[in-house]
Amino acid sequence: MPVRPTLFRFSALAAALALGLSSCSSTPTDQNAEASASATVQAAENPQLAKYYSQELDWKKCGSTIECASIEVPLNYDEPEKDSIKLALNRRAAAGAQGNLLVNPGGPGGSGIDLVTQGAQVMFSNDLQRAYNIIGFDPRGVGQSTPVTCQTDKEVDEGRQENLKAWEESDRGDIVEDAKEYADACAKNTGELLGHVDTESAAKDMDIIRAVLGDDKLDYLGYSYGTFLGATYADLFPDRVGRLVLDGAMDPTASGEELTLAQAQGFEGEIDAWLEDCLAGENCPFTGSVDEAKKQLQDFFAEIEQKPLVSSDGRSVPIIDFVSGFILPLYDDANWPYLTNAMAEAMDGNVDQMLYFSDLSADRGEDGKYNSNSMDVLTAVNCLDRPMDASDAAMDKDAADLEKASPTLGKYLAYGQIVCDEWDYPSTGQPEVLDAAGSSDILVVGTTGDPATPYKWSQSLAEQLDHGNLLTYEGHGHTAYGRSNQCITDAVDSYLIDGKVPAEGTVC
């Protein structure tokens with residue numbers, strides 16, 4: 001089935017390639033065990049939510065520097081008196097912390113638990129870690145929270161090795177059949193939760209987290225899809241917005257098709273930048289100009305379409321799985337040399353390195369087990385958040401637009417509406433302006449060369465928010481804080497720690 005570029009910020013690739021990962025010890029601070037005043041108000045407004053807002057956290061050691069806890073939230077906020085689900089939380093506490101900072105790595109499907117345990121030392125400055133207790137959580141449906149569950153590891157492996165091409169009408173029937181089998185498996189193995197992993201429900205969960213932490217207002221740092229989650233929270237609860245950083249923003253007004261089209265354009269531009277870097281360096285498997293090199297890349301993709309490569313462990317690597325691996329290093333320009341090496345090896349007949357990237361994207365371990373359900377959550381949330389037109393005419397037009405915008409990747413990103421058309425649960429959301437009227441200042445961070453969340457999305461979100469402020473990183477790669485430069489670090493830290501909003505038009 002065609003893949004869409006995922007909106008992950010903290011990926012397994014970042015963890016695998018990051019250097020200097022270390023831990024630091026800190027002393028947990030005592031947290032207010034009772035709900036905050038605003039939580040009491042919320043419970044009074046809806047007494048059926050009172051038991052959720054008045055929960056007490058029981059933090060327990062789950063690592064040398066990490067504590068873990070869990071809370072309950074309603075399965076369905078329209079019927080909060082009925083079933084509940086579990087949310088898993090963790091924290092990296094700081095002695096004398098000024099407060100709690102809730103974080104989300106993106107996705108949808110990214111684990112905040114993993115971000116805090118594996119990525120905190122890379123993603124967050126020392127000053128930020130001294131100022132805040134860093135709070136991670138797995139959103140509803142994700143990881144250690146009550147999860148979305150679809151297929152077995154074996155079934156996922158088998159699906160990835162199918163050489164089905166949605167742009168060829170002869171394969172379309174098999175793809176629809178696979179999509180139906182997948183959707184049926186998700187519905188059967190997940191149950192009613194599958195219809196309630198939408199972003200609005202997850203944002204309401206965040207307000208319960210705020211309350212049980214004992215905070216009157218929410219301080220939050222969200223990357224990529226986490227910006228949509230944060231903006232949704234701000235729009236629902238503007239009076240409870242503390243200091244919100246939304247890095248690598250999604251545009252809430254864009255349709256699913258528009259989001260994919262903009263990403264296709266973004267990645268096409270990033271391919272140009274990578275090829276220019278490749279041609280100027282060593283071990284580049286391409287020759288000539290950037291345009292000539294891109295044609296060689298496209299020709300190689302066409303060869304794989306007809307004859308998938310085979311890895312040393314015997315797995316077939318068809319074009320969709322190959323492209324999934326190819327896309328991943330484009331999320332960070334620091335990883336371009338790894339992509340160059342992987343392409344050189346693949347064009348010499350060794351696909352192992354590219355398959356390694358594809359496995360990282362899917363979170364498949366060396367033991368053959370999938371370590372997260374991120375891809376399933378990605379599908380489930382996207383199908384709920386935005387309606388998609390799966391008519392043949394609409395999908396064909398979408399495919400044509402994608403191929404025009406991105407001659408290299410466009411056709412591999414088309415026909416994603418098929419799986420949502422087979423979904424058991426209809427979409428509950430729709431594109432809309434999120435203005436968070438009445439909130440405090442919100443900081444939106446955009447990267448000019450971001451392929452996964454194009455800069456224009458950050459500009460759009462900052463304009464939509466009544467009190468949105470745009471901070472720009474001039475560079476390549478997905479998001480900025482924790483991977484760009486000291487200027488961004490200082491500006492974001494100054495806002496989160498001291499409440500100082502960067503001057504209008506600040507560019508780093």
# chains A, B, ... in the order shown; residues from 1 in each chain; ligands from 1

$ residues_around --residues "Asp493 in chain A" --least-positions-apart "5" --cutoff "12 Å" --atoms "only C-alpha atoms" --output "list of chain:residue names"
A:Leu101, A:Phe124, A:Ser125, A:Asn126, A:Asp127, A:Leu128, A:Gln129, A:Arg130, A:Ala131, A:Tyr132, A:Leu221, A:Arg243, A:Leu244, A:Val245, A:Leu443, A:Tyr481, A:Gly482, A:Gln486, A:Cys487, A:Ile488, A:Asp498, A:Gly499, A:Lys500, A:Val501, A:Pro502

$ closest_residue --among "A:Gly288, A:Gly119, A:Pro147, A:Gly99" --to "Arg210 in chain A" --atoms "only C-alpha atoms"
A:Gly99

$ atom_distance --atom1 "CA of Thr232 in chain A" --atom2 "CA of Lys204 in chain A"
9.0 Å

$ residues_around --residues "Gly410 in chain A" --least-positions-apart "4" --cutoff "9 Å" --atoms "only C-alpha atoms" --output "count of residues only"
13

$ residues_around --residues "range 371-377 of chain A" --least-positions-apart "6" --cutoff "6 Å" --atoms "only C-alpha atoms" --output "PDB file with N, CA, C and O atoms, in the first residue's frame"
ATOM      1  N   GLY A 109       1.173   9.177  16.412  1.00  0.00           N
ATOM      2  CA  GLY A 109       1.670   7.852  16.733  1.00  0.00           C
ATOM      3  C   GLY A 109       2.993   7.874  17.460  1.00  0.00           C
ATOM      4  O   GLY A 109       3.459   6.841  17.939  1.00  0.00           O
ATOM      5  N   GLY A 143       1.388   3.165  21.951  1.00  0.00           N
ATOM      6  CA  GLY A 143       2.380   2.529  22.811  1.00  0.00           C
ATOM      7  C   GLY A 143       1.886   1.966  24.112  1.00  0.00           C
ATOM      8  O   GLY A 143       1.079   1.032  24.162  1.00  0.00           O
ATOM      9  N   ASP A 363       9.744   1.113  12.733  1.00  0.00           N
ATOM     10  CA  ASP A 363      10.115   0.709  14.092  1.00  0.00           C
ATOM     11  C   ASP A 363      10.201  -0.814  14.224  1.00  0.00           C
ATOM     12  O   ASP A 363       9.739  -1.402  15.199  1.00  0.00           O
TER      13      ASP A 363
END

$ residues_around --residues "Gly136 in chain A" --least-positions-apart "6" --cutoff "9 Å" --atoms "only C-alpha atoms" --output "list in words"
Ala88, Leu89, Asn90, Arg91, Arg92, Leu101, Leu102, Val103, Asn104, Ser111, Gly112, Ile113, Asp114, Leu115, Val116 and Thr117 of chain A

$ decode --residues "range 132-168 of chain A" --atoms "N, CA and C atoms" --output "short mmCIF file (atom, residue, chain, number, x, y, z; two decimals), in the first residue's frame"
data_model
loop_
_atom_site.label_atom_id
_atom_site.label_comp_id
_atom_site.auth_asym_id
_atom_site.auth_seq_id
_atom_site.Cartn_x
_atom_site.Cartn_y
_atom_site.Cartn_z
N TYR A 132 12.48 22.78 34.17
CA TYR A 132 11.20 22.07 34.13
C TYR A 132 11.34 20.60 34.48
N ASN A 133 10.27 20.06 35.05
CA ASN A 133 10.06 18.62 35.01
C ASN A 133 9.55 18.32 33.60
N ILE A 134 10.26 17.52 32.84
CA ILE A 134 9.85 17.18 31.48
C ILE A 134 8.89 16.00 31.56
N ILE A 135 7.67 16.20 31.11
CA ILE A 135 6.60 15.21 31.22
C ILE A 135 6.31 14.61 29.85
N GLY A 136 6.46 13.31 29.72
CA GLY A 136 6.09 12.62 28.49
C GLY A 136 4.80 11.86 28.66
N PHE A 137 4.11 11.62 27.57
CA PHE A 137 2.92 10.77 27.62
C PHE A 137 2.72 10.12 26.27
N ASP A 138 2.15 8.93 26.30
CA ASP A 138 1.71 8.28 25.07
C ASP A 138 0.25 8.63 24.85
N PRO A 139 -0.07 9.40 23.79
CA PRO A 139 -1.47 9.74 23.55
C PRO A 139 -2.34 8.50 23.41
N ARG A 140 -3.62 8.70 23.54
CA ARG A 140 -4.55 7.57 23.42
C ARG A 140 -4.27 6.79 22.15
N GLY A 141 -4.24 5.48 22.29
CA GLY A 141 -3.97 4.60 21.15
C GLY A 141 -2.51 4.27 20.94
N VAL A 142 -1.60 5.01 21.59
CA VAL A 142 -0.17 4.90 21.32
C VAL A 142 0.53 4.07 22.39
N GLY A 143 1.39 3.17 21.95
CA GLY A 143 2.38 2.53 22.81
C GLY A 143 1.89 1.97 24.11
N GLN A 144 2.35 2.55 25.23
CA GLN A 144 2.05 2.02 26.55
C GLN A 144 0.68 2.46 27.07
N SER A 145 0.04 3.42 26.42
CA SER A 145 -1.35 3.73 26.73
C SER A 145 -2.23 2.65 26.10
N THR A 146 -3.54 2.68 26.39
CA THR A 146 -4.42 1.70 25.75
C THR A 146 -4.24 1.80 24.25
N PRO A 147 -3.75 0.72 23.61
CA PRO A 147 -3.23 0.87 22.24
C PRO A 147 -4.21 0.51 21.12
N VAL A 148 -3.97 1.10 19.97
CA VAL A 148 -4.51 0.60 18.71
C VAL A 148 -3.71 -0.64 18.34
N THR A 149 -4.40 -1.70 17.99
CA THR A 149 -3.74 -2.95 17.62
C THR A 149 -4.32 -3.45 16.31
N CYS A 150 -3.46 -3.76 15.36
CA CYS A 150 -3.95 -4.16 14.04
C CYS A 150 -3.44 -5.55 13.64
N GLN A 151 -2.25 -5.65 13.11
CA GLN A 151 -1.77 -6.90 12.54
C GLN A 151 -0.62 -7.49 13.36
N THR A 152 -0.34 -8.75 13.11
CA THR A 152 0.81 -9.40 13.72
C THR A 152 2.08 -8.93 13.01
N ASP A 153 3.23 -9.15 13.65
CA ASP A 153 4.50 -8.78 13.03
C ASP A 153 4.68 -9.48 11.69
N LYS A 154 4.29 -10.73 11.63
CA LYS A 154 4.43 -11.49 10.39
C LYS A 154 3.57 -10.88 9.29
N GLU A 155 2.35 -10.49 9.63
CA GLU A 155 1.46 -9.89 8.63
C GLU A 155 2.00 -8.55 8.14
N VAL A 156 2.59 -7.77 9.05
CA VAL A 156 3.18 -6.49 8.63
C VAL A 156 4.34 -6.72 7.68
N ASP A 157 5.20 -7.68 8.01
CA ASP A 157 6.33 -8.02 7.13
C ASP A 157 5.84 -8.44 5.75
N GLU A 158 4.84 -9.29 5.72
CA GLU A 158 4.30 -9.77 4.44
C GLU A 158 3.74 -8.61 3.62
N GLY A 159 3.03 -7.68 4.27
CA GLY A 159 2.46 -6.55 3.56
C GLY A 159 3.53 -5.64 2.98
N ARG A 160 4.61 -5.44 3.73
CA ARG A 160 5.69 -4.57 3.24
C ARG A 160 6.39 -5.17 2.03
N GLN A 161 6.33 -6.46 1.86
CA GLN A 161 7.05 -7.10 0.76
C GLN A 161 6.19 -7.27 -0.50
N GLU A 162 4.92 -6.87 -0.41
CA GLU A 162 4.06 -6.95 -1.60
C GLU A 162 4.46 -5.85 -2.59
N ASN A 163 4.59 -6.22 -3.83
CA ASN A 163 4.96 -5.24 -4.85
C ASN A 163 3.72 -4.77 -5.59
N LEU A 164 2.88 -4.03 -4.85
CA LEU A 164 1.65 -3.49 -5.42
C LEU A 164 1.84 -2.01 -5.70
N LYS A 165 1.38 -1.58 -6.84
CA LYS A 165 1.59 -0.20 -7.29
C LYS A 165 0.24 0.45 -7.57
N ALA A 166 -0.16 1.35 -6.68
CA ALA A 166 -1.50 1.93 -6.77
C ALA A 166 -1.71 2.75 -8.03
N TRP A 167 -0.61 3.27 -8.60
CA TRP A 167 -0.74 4.09 -9.81
C TRP A 167 -1.02 3.23 -11.05
N GLU A 168 -0.91 1.90 -10.89
CA GLU A 168 -1.26 0.99 -11.98
C GLU A 168 -2.64 0.39 -11.69
#
